[in-house]
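Data file: entry_11.txt. Format and content: compact mmCIF, C-alpha atoms.
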# COMPACT_ATOMS: atom_id res chain seq x y z
CA MET A 1 9.05 -21.01 22.80
CA ASN A 2 9.44 -23.17 19.75
CA THR A 3 10.64 -20.81 17.10
CA LEU A 4 11.57 -22.40 13.84
CA VAL A 5 11.75 -19.49 11.51
CA ARG A 6 12.11 -15.99 12.76
CA GLU A 7 13.05 -12.80 11.09
CA ASN A 8 16.46 -11.46 11.97
CA ARG A 9 16.42 -7.72 11.76
CA ASP A 10 19.96 -7.10 12.91
CA SER A 11 21.61 -8.86 10.03
CA GLU A 12 24.90 -7.16 9.15
CA LEU A 13 24.21 -7.14 5.47
CA ARG A 14 21.22 -4.91 5.81
CA GLN A 15 23.39 -2.17 7.18
CA SER A 16 26.04 -2.04 4.47
CA GLU A 17 23.90 -1.74 1.35
CA HIS A 18 20.49 -0.20 1.09
CA PHE A 19 17.80 -2.80 0.60
CA VAL A 20 14.09 -2.98 1.03
CA ALA A 21 12.45 -5.85 2.84
CA PRO A 22 10.22 -7.84 0.52
CA VAL A 23 6.76 -8.99 1.50
CA ALA A 24 6.83 -12.59 2.73
CA SER A 25 4.52 -15.34 3.89
CA ILE A 26 5.33 -18.43 5.88
CA ILE A 27 3.19 -21.48 5.35
CA GLU A 28 3.36 -24.62 7.41
CA ASP A 29 2.84 -27.93 5.71
CA GLY A 30 3.17 -31.42 7.09
CA ASP A 31 6.91 -31.78 6.53
CA GLY A 32 8.17 -28.36 7.27
CA TYR A 33 7.71 -24.83 6.11
CA MET A 34 7.32 -22.91 2.94
CA LEU A 35 8.51 -19.35 2.69
CA GLN A 36 7.14 -17.20 -0.11
CA VAL A 37 8.83 -13.91 -0.84
CA GLU A 38 7.64 -11.33 -3.35
CA MET A 39 10.44 -9.81 -5.36
CA PRO A 40 9.15 -8.39 -8.64
CA GLY A 41 11.94 -7.86 -11.14
CA VAL A 42 14.14 -10.56 -9.65
CA ASN A 43 14.91 -13.70 -11.58
CA LYS A 44 17.04 -16.75 -10.89
CA ASP A 45 20.28 -14.94 -11.70
CA GLY A 46 19.64 -12.17 -9.21
CA LEU A 47 18.90 -14.45 -6.31
CA GLU A 48 21.33 -15.19 -3.50
CA ILE A 49 20.30 -17.41 -0.64
CA SER A 50 22.60 -18.40 2.15
CA VAL A 51 22.36 -20.16 5.48
CA GLU A 52 24.95 -19.55 8.12
CA ASN A 53 24.64 -20.22 11.82
CA ASN A 54 20.91 -20.76 11.44
CA GLU A 55 20.53 -17.45 9.73
CA LEU A 56 18.83 -17.62 6.38
CA THR A 57 19.60 -14.61 4.22
CA ILE A 58 17.82 -13.83 1.01
CA ILE A 59 19.05 -11.21 -1.43
CA GLY A 60 17.21 -10.44 -4.62
CA ARG A 61 18.82 -8.15 -7.14
CA ARG A 62 16.43 -6.75 -9.64
CA SER A 63 16.84 -6.66 -13.37
CA LEU A 64 14.17 -4.17 -14.28
CA PRO A 65 12.89 -3.82 -17.81
CA ALA A 66 14.65 -1.03 -19.68
CA VAL A 67 12.06 1.54 -20.68
CA GLU A 68 12.79 4.24 -23.19
CA GLY A 69 11.15 7.43 -22.19
CA THR A 70 10.70 10.01 -19.47
CA LEU A 71 9.40 8.90 -16.12
CA ILE A 72 6.25 10.85 -15.39
CA HIS A 73 4.79 8.96 -12.44
CA ARG A 74 6.58 6.65 -10.08
CA GLU A 75 5.45 4.42 -7.26
CA SER A 76 8.00 1.63 -7.39
CA ARG A 77 11.23 1.53 -5.50
CA ARG A 78 14.54 0.88 -7.16
CA GLU A 79 16.32 -0.82 -4.28
CA ASN A 80 17.21 -4.47 -4.26
CA TYR A 81 15.56 -6.80 -1.80
CA SER A 82 16.96 -8.39 1.29
CA ARG A 83 15.51 -10.07 4.30
CA ALA A 84 16.96 -12.39 6.89
CA PHE A 85 15.30 -15.06 8.97
CA GLU A 86 16.45 -17.15 11.88
CA ILE A 87 15.74 -20.78 11.33
CA ASP A 88 15.60 -23.46 13.95
CA PRO A 89 18.36 -26.11 13.90
CA SER A 90 15.66 -28.73 13.34
CA ILE A 91 15.32 -27.47 9.78
CA ASP A 92 17.54 -29.44 7.48
CA ALA A 93 19.58 -26.68 5.81
CA ASP A 94 20.97 -29.07 3.18
CA LYS A 95 17.50 -29.78 1.90
CA ILE A 96 16.30 -26.24 1.50
CA ASN A 97 15.04 -25.83 -2.00
CA ALA A 98 14.36 -22.59 -3.84
CA LYS A 99 12.58 -21.59 -6.99
CA ILE A 100 11.41 -18.30 -8.39
CA ASP A 101 8.51 -17.77 -10.71
CA GLN A 102 7.17 -14.40 -11.89
CA GLY A 103 8.88 -12.55 -9.08
CA VAL A 104 7.78 -14.82 -6.26
CA MET A 105 10.43 -16.95 -4.63
CA THR A 106 9.32 -20.12 -2.91
CA LEU A 107 11.66 -21.73 -0.41
CA THR A 108 10.84 -25.12 1.03
CA LEU A 109 12.35 -25.69 4.44
CA PRO A 110 11.96 -29.33 5.44
CA GLN A 111 12.40 -30.39 9.01
CA ALA A 112 15.07 -33.00 9.59
CA GLU A 113 13.75 -36.57 9.30
CA GLN A 114 14.24 -37.13 12.93
CA VAL A 115 14.46 -34.26 15.23
CA LYS A 116 16.48 -35.71 18.01
CA PRO A 117 16.00 -34.55 21.53
CA ARG A 118 19.16 -33.01 22.80
CA LYS A 119 20.77 -34.23 25.95
CA ILE A 120 22.11 -31.68 28.27
CA LYS A 121 24.79 -32.85 30.57
CA VAL A 122 24.70 -31.52 34.04
CA SER A 123 28.17 -31.25 35.43
CA MET B 1 1.48 -23.18 19.87
CA SER B 2 3.18 -20.92 17.46
CA LEU B 3 6.22 -22.41 15.82
CA ILE B 4 7.21 -19.41 13.83
CA ARG B 5 7.50 -16.05 15.33
CA TYR B 6 7.35 -13.25 12.95
CA GLN B 7 7.98 -9.60 13.03
CA ILE B 8 6.64 -6.98 10.73
CA SER B 9 9.43 -5.50 8.75
CA GLU B 10 10.39 -1.98 9.61
CA LEU B 11 10.82 -1.37 5.94
CA THR B 12 7.29 -1.90 4.74
CA ALA B 13 7.14 -0.55 1.25
CA TRP B 14 5.73 2.93 0.89
CA ARG B 15 4.77 2.77 -2.64
CA SER B 16 2.50 5.54 -3.67
CA PHE B 17 2.96 9.22 -3.51
CA ASP B 18 -0.55 10.52 -3.81
CA ARG B 19 -2.31 11.55 -0.66
CA TRP B 20 -5.02 8.92 -0.85
CA SER B 21 -2.35 6.29 -0.71
CA HIS B 22 -0.89 7.94 2.34
CA LEU B 23 -4.25 7.78 3.97
CA ARG B 24 -4.59 4.17 2.94
CA ASP B 25 -1.12 3.35 4.23
CA ASP B 26 -1.96 4.94 7.53
CA LEU B 27 -5.09 2.87 7.72
CA ASN B 28 -3.12 -0.21 6.82
CA THR B 29 -0.66 0.49 9.57
CA LEU B 30 -3.51 0.86 11.97
CA PHE B 31 -5.04 -2.40 10.95
CA GLU B 32 -1.74 -4.22 10.77
CA LEU B 33 -1.00 -3.58 14.40
CA PRO B 34 -3.21 -6.30 15.85
CA SER B 35 -1.45 -8.95 13.78
CA TRP B 36 1.68 -8.39 15.83
CA SER B 37 -0.08 -10.10 18.63
CA ASN B 38 -1.38 -12.87 16.39
CA PHE B 39 -4.70 -11.24 15.95
CA GLY B 40 -5.20 -12.58 12.46
CA ARG B 41 -5.41 -10.90 9.17
CA GLN B 42 -8.40 -8.60 9.41
CA GLY B 43 -6.32 -5.79 7.99
CA GLN B 44 -6.51 -7.40 4.60
CA LEU B 45 -10.20 -6.73 4.37
CA PHE B 46 -9.52 -3.04 4.40
CA SER B 47 -6.19 -2.70 2.75
CA GLY B 48 -6.43 -4.69 -0.44
CA TRP B 49 -3.61 -4.62 -2.89
CA SER B 50 -2.59 -1.60 -4.87
CA PRO B 51 0.30 -2.65 -7.08
CA ALA B 52 3.06 -0.10 -7.65
CA LEU B 53 2.72 1.53 -11.05
CA ASP B 54 5.25 3.61 -12.96
CA LEU B 55 4.40 5.61 -16.03
CA TYR B 56 6.79 6.69 -18.77
CA GLN B 57 6.31 8.46 -22.04
CA ASN B 58 8.32 9.13 -25.15
CA ASN B 59 7.40 10.61 -28.55
CA ASP B 60 5.56 7.51 -29.69
CA ASN B 61 4.36 5.65 -26.62
CA VAL B 62 3.06 5.81 -23.11
CA ILE B 63 4.48 2.94 -21.09
CA ALA B 64 3.07 1.60 -17.83
CA VAL B 65 5.21 -0.69 -15.67
CA VAL B 66 3.34 -2.49 -12.90
CA GLU B 67 4.69 -4.76 -10.16
CA LEU B 68 2.47 -7.81 -10.09
CA PRO B 69 4.46 -10.65 -8.57
CA GLY B 70 3.08 -14.16 -8.68
CA MET B 71 0.27 -13.76 -11.16
CA ARG B 72 -0.76 -16.01 -13.97
CA LYS B 73 -0.90 -13.97 -17.12
CA GLU B 74 -4.46 -15.16 -17.80
CA ASP B 75 -5.53 -13.51 -14.56
CA ILE B 76 -4.36 -10.04 -15.58
CA GLU B 77 -6.93 -7.81 -17.21
CA ILE B 78 -5.96 -4.62 -19.01
CA SER B 79 -8.59 -2.17 -20.21
CA LEU B 80 -8.72 1.31 -21.59
CA HIS B 81 -11.63 3.68 -21.24
CA ASP B 82 -11.79 7.43 -21.83
CA GLY B 83 -8.06 7.91 -21.49
CA THR B 84 -7.87 5.87 -18.30
CA LEU B 85 -5.85 2.70 -18.16
CA THR B 86 -7.14 0.09 -15.75
CA ILE B 87 -5.23 -2.98 -14.68
CA ALA B 88 -7.19 -5.50 -12.70
CA GLY B 89 -6.95 -9.11 -11.79
CA GLU B 90 -6.95 -11.70 -9.14
CA ARG B 91 -4.15 -13.48 -7.42
CA LYS B 92 -5.10 -16.94 -6.37
CA THR B 93 -3.54 -19.22 -3.83
CA GLU B 94 -2.43 -22.67 -4.66
CA SER B 95 -2.78 -23.78 -1.08
CA SER B 96 -4.01 -27.27 -0.45
CA ASN B 97 -5.23 -29.14 2.58
CA GLY B 98 -2.89 -29.58 5.48
CA GLU B 99 -1.21 -26.25 4.92
CA LYS B 100 -1.66 -23.36 7.18
CA ALA B 101 -0.27 -19.91 7.00
CA GLU B 102 1.80 -19.05 10.03
CA ARG B 103 2.09 -15.46 9.01
CA SER B 104 0.90 -13.95 5.82
CA GLU B 105 1.92 -10.61 4.42
CA ARG B 106 1.13 -11.50 0.85
CA TYR B 107 -2.14 -10.28 -0.50
CA ILE B 108 -4.38 -12.85 -2.11
CA GLY B 109 -7.44 -11.80 -4.03
CA LYS B 110 -8.64 -9.15 -6.41
CA PHE B 111 -7.09 -5.84 -7.20
CA ARG B 112 -7.83 -2.93 -9.50
CA ARG B 113 -5.60 -0.07 -10.40
CA SER B 114 -6.45 2.88 -12.69
CA ILE B 115 -4.42 5.75 -13.98
CA THR B 116 -5.21 8.64 -16.30
CA LEU B 117 -2.92 8.63 -19.30
CA PRO B 118 -1.07 11.82 -20.24
CA ALA B 119 -1.91 11.53 -23.95
CA ARG B 120 -4.44 9.96 -26.25
CA VAL B 121 -3.48 6.45 -27.25
CA ASP B 122 -4.50 4.04 -29.95
CA ALA B 123 -6.46 1.38 -28.10
CA ASN B 124 -6.09 -1.12 -30.92
CA LYS B 125 -2.32 -1.15 -30.73
CA VAL B 126 -1.78 -1.68 -27.03
CA SER B 127 0.60 -4.51 -26.19
CA ALA B 128 1.76 -6.02 -22.92
CA THR B 129 4.46 -8.33 -21.63
CA TYR B 130 4.70 -10.04 -18.26
CA ARG B 131 8.13 -11.06 -17.03
CA ASP B 132 9.64 -11.70 -13.58
CA GLY B 133 6.43 -10.48 -12.03
CA ILE B 134 6.50 -7.15 -13.84
CA LEU B 135 3.84 -6.17 -16.32
CA THR B 136 4.87 -3.72 -19.03
CA VAL B 137 2.06 -2.18 -21.06
CA THR B 138 3.01 -0.23 -24.18
CA LEU B 139 0.35 2.16 -25.43
CA PRO B 140 1.17 3.80 -28.77
CA LYS B 141 0.11 7.42 -28.89
CA ALA B 142 -2.67 8.40 -31.25
CA GLU B 143 -1.35 10.26 -34.28
CA GLU B 144 -2.82 13.57 -33.15
CA ALA B 145 -1.14 13.25 -29.76
CA LYS B 146 2.36 12.88 -31.14
CA PRO B 147 4.57 15.92 -31.00
CA LYS B 148 4.84 17.58 -34.36
CA GLN B 149 7.46 19.76 -35.81
CA ILE B 150 5.93 22.88 -37.27
CA GLN B 151 7.76 24.51 -40.06
CA VAL B 152 8.07 28.25 -39.84
CA ASN B 153 7.88 29.85 -43.19
CA ALA B 154 9.54 33.15 -43.64
CA ASP B 155 8.95 35.42 -46.56
Go ahead and express the file in the form of structure tokens.
Amino acid sequence: MNTLVRENRDSELRQSEHFVAPVASIIEDGDGYMLQVEMPGVNKDGLEISVENNELTIIGRRSLPAVEGTLIHRESRRENYSRAFEIDPSIDADKINAKIDQGVMTLTLPQAEQVKPRKIKVS
Amino acid sequence: MSLIRYQISELTAWRSFDRWSHLRDDLNTLFELPSWSNFGRQGQLFSGWSPALDLYQNNDNVIAVVELPGMRKEDIEISLHDGTLTIAGERKTESSNGEKAERSERYIGKFRRSITLPARVDANKVSATYRDGILTVTLPKAEEAKPKQIQVNAD
């Protein structure tokens, strides 16, 4: 099974603070992958992206508009966003690029220039 | 061959509290199931997109806050009719050739959302801002809808 990006649901972070998982899409292009994550209310300053041991973790902390008044109908959730993905070692973690525009974060995950076949030594 | 394996999040947003939304969510869940086994995205045909909407009011205004990530502001349409606020629009993809979605949870396409306002508003003074994917619509109350202090005269 060639799995290059896979959601990791057992991430430790998810258990310590209460987050909601944002809606995401993964798009394959010629050179790698593009991950789009919807996080309304999150801007550049609220975004934390880290890669450790092939685990890509995204945290989006929301800065919601301050509204003066009494809430009379609510459908939104107040929690911050977090979601973790497992990425294949063939993705070049140093070249991951992120941007966020109107609450949608786009991560580009390029594959390494040359994905070398690994030799396994039989002892 | 699938290069990305994907799992539906266990924390799918439950966004609306009215019973129709519950029904819709149930239907969504039903239609989402096949996609676990790479069945495609048929669910989208039925589910659509119903952006989360919050409503506030104070003495002067009714304020609607709507989560609309990834829109262009030109594609958002706000209208007011008979005390009902309607927010509609279309989210477009910027996908080009050679790209293919491995797994798509994001909704692309048209949406429409209506809500009855709790007070009469002045349609000519409605204003809206769109920032970080959140639309804030401020609807000033009509003069007659504003709370008034009534003086009690005693002899």
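Once range 45-51 of chain A and its same-chain neighbours fewer than 3 positions away are set aside, A:Val42, A:Asn54, A:Glu55, A:Leu56, A:Thr57, A:Ile58, A:Ile59, A:Gly60, A:Arg61, A:Arg62, A:Ser63, A:Ala93 remain within 8 Å of it when counting only C-alpha atoms.
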With chain B as the partner and 7 Å as the cut-off, tabulate the residues of chain A that qualify, each row holding the nearest pair of atoms and their distance in Å to one decimal, using all atoms listed in the file, sorted by chain and rising number, as JSON lines.
{"residue": "A:Asn2", "atom": "CA", "partner": "B:Leu3", "partner_atom": "CA", "distance": 5.1}
{"residue": "A:Thr3", "atom": "CA", "partner": "B:Leu3", "partner_atom": "CA", "distance": 4.9}
{"residue": "A:Leu4", "atom": "CA", "partner": "B:Ile4", "partner_atom": "CA", "distance": 5.3}
{"residue": "A:Val5", "atom": "CA", "partner": "B:Ile4", "partner_atom": "CA", "distance": 5.1}
{"residue": "A:Arg6", "atom": "CA", "partner": "B:Arg5", "partner_atom": "CA", "distance": 5.3}
{"residue": "A:Glu7", "atom": "CA", "partner": "B:Tyr6", "partner_atom": "CA", "distance": 6.0}
{"residue": "A:Val20", "atom": "CA", "partner": "B:Leu11", "partner_atom": "CA", "distance": 6.1}
{"residue": "A:Ala21", "atom": "CA", "partner": "B:Leu11", "partner_atom": "CA", "distance": 5.7}
{"residue": "A:Val23", "atom": "CA", "partner": "B:Glu105", "partner_atom": "CA", "distance": 5.9}
{"residue": "A:Ala24", "atom": "CA", "partner": "B:Glu105", "partner_atom": "CA", "distance": 5.6}
{"residue": "A:Ser25", "atom": "CA", "partner": "B:Ser104", "partner_atom": "CA", "distance": 4.3}
{"residue": "A:Ile26", "atom": "CA", "partner": "B:Arg103", "partner_atom": "CA", "distance": 5.4}
{"residue": "A:Ile27", "atom": "CA", "partner": "B:Ala101", "partner_atom": "CA", "distance": 4.1}
{"residue": "A:Glu28", "atom": "CA", "partner": "B:Lys100", "partner_atom": "CA", "distance": 5.2}
{"residue": "A:Asp29", "atom": "CA", "partner": "B:Glu99", "partner_atom": "CA", "distance": 4.5}
{"residue": "A:Gly30", "atom": "CA", "partner": "B:Gly98", "partner_atom": "CA", "distance": 6.5}
{"residue": "A:Glu38", "atom": "CA", "partner": "B:Pro69", "partner_atom": "CA", "distance": 6.2}
{"residue": "A:Met39", "atom": "CA", "partner": "B:Pro69", "partner_atom": "CA", "distance": 6.8}
{"residue": "A:Pro40", "atom": "CA", "partner": "B:Gly133", "partner_atom": "CA", "distance": 4.8}
{"residue": "A:Gly41", "atom": "CA", "partner": "B:Asp132", "partner_atom": "CA", "distance": 5.1}
{"residue": "A:Val42", "atom": "CA", "partner": "B:Asp132", "partner_atom": "CA", "distance": 6.1}
{"residue": "A:Asn43", "atom": "CA", "partner": "B:Asp132", "partner_atom": "CA", "distance": 6.0}
{"residue": "A:Glu68", "atom": "CA", "partner": "B:Asn58", "partner_atom": "CA", "distance": 6.9}
{"residue": "A:Gly69", "atom": "CA", "partner": "B:Asn58", "partner_atom": "CA", "distance": 4.4}
{"residue": "A:Thr70", "atom": "CA", "partner": "B:Tyr56", "partner_atom": "CA", "distance": 5.2}
{"residue": "A:Leu71", "atom": "CA", "partner": "B:Tyr56", "partner_atom": "CA", "distance": 4.3}
{"residue": "A:Ile72", "atom": "CA", "partner": "B:Tyr56", "partner_atom": "CA", "distance": 5.4}
{"residue": "A:His73", "atom": "CA", "partner": "B:Leu55", "partner_atom": "CA", "distance": 4.9}
{"residue": "A:Arg74", "atom": "CA", "partner": "B:Asp54", "partner_atom": "CA", "distance": 4.4}
{"residue": "A:Glu75", "atom": "CA", "partner": "B:Ser16", "partner_atom": "CA", "distance": 4.8}
{"residue": "A:Ser76", "atom": "CA", "partner": "B:Ala52", "partner_atom": "CA", "distance": 5.2}
{"residue": "A:Asp101", "atom": "CA", "partner": "B:Asp132", "partner_atom": "CA", "distance": 6.8}
{"residue": "A:Gln102", "atom": "CA", "partner": "B:Gly133", "partner_atom": "CA", "distance": 4.0}
{"residue": "A:Gly103", "atom": "CA", "partner": "B:Gly133", "partner_atom": "CA", "distance": 4.4}
{"residue": "A:Val104", "atom": "CA", "partner": "B:Gly70", "partner_atom": "CA", "distance": 5.3}
Would you mind reading off the distance between CA of Thr108 in chain A and CA of Ile91 in chain A, one decimal, in Å? 10.1 Å
Surrounding residues of Gln111 in chain A excluding itself and chain neighbours under 3 positions, 7 Å, only C-alpha atoms, as a tab-separated table (two decimals) with C-alpha atoms, in the frame of the given file:
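New file out_9.tsv:
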chain	number	residue	atom	x	y	z
A	31	ASP	CA	6.91	-31.78	6.53
A	32	GLY	CA	8.17	-28.36	7.27
A	90	SER	CA	15.66	-28.73	13.34
A	91	ILE	CA	15.32	-27.47	9.78
A	92	ASP	CA	17.54	-29.44	7.48
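Straight-line separation from CA of Glu143 in chain B to CA of Val67 in chain A: 21.0 Å.
Atom to atom, CA of Ala88 in chain B and CA of Arg77 in chain A stand 21.0 Å apart.
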At a cut-off of 12 Å, using all atoms listed in the file, what residues contact Asn124 in chain B? Leave out same-chain residues fewer than 4 positions from it and give the result as an MDAnalysis selection string. chainID B and resid 79:80 138:142
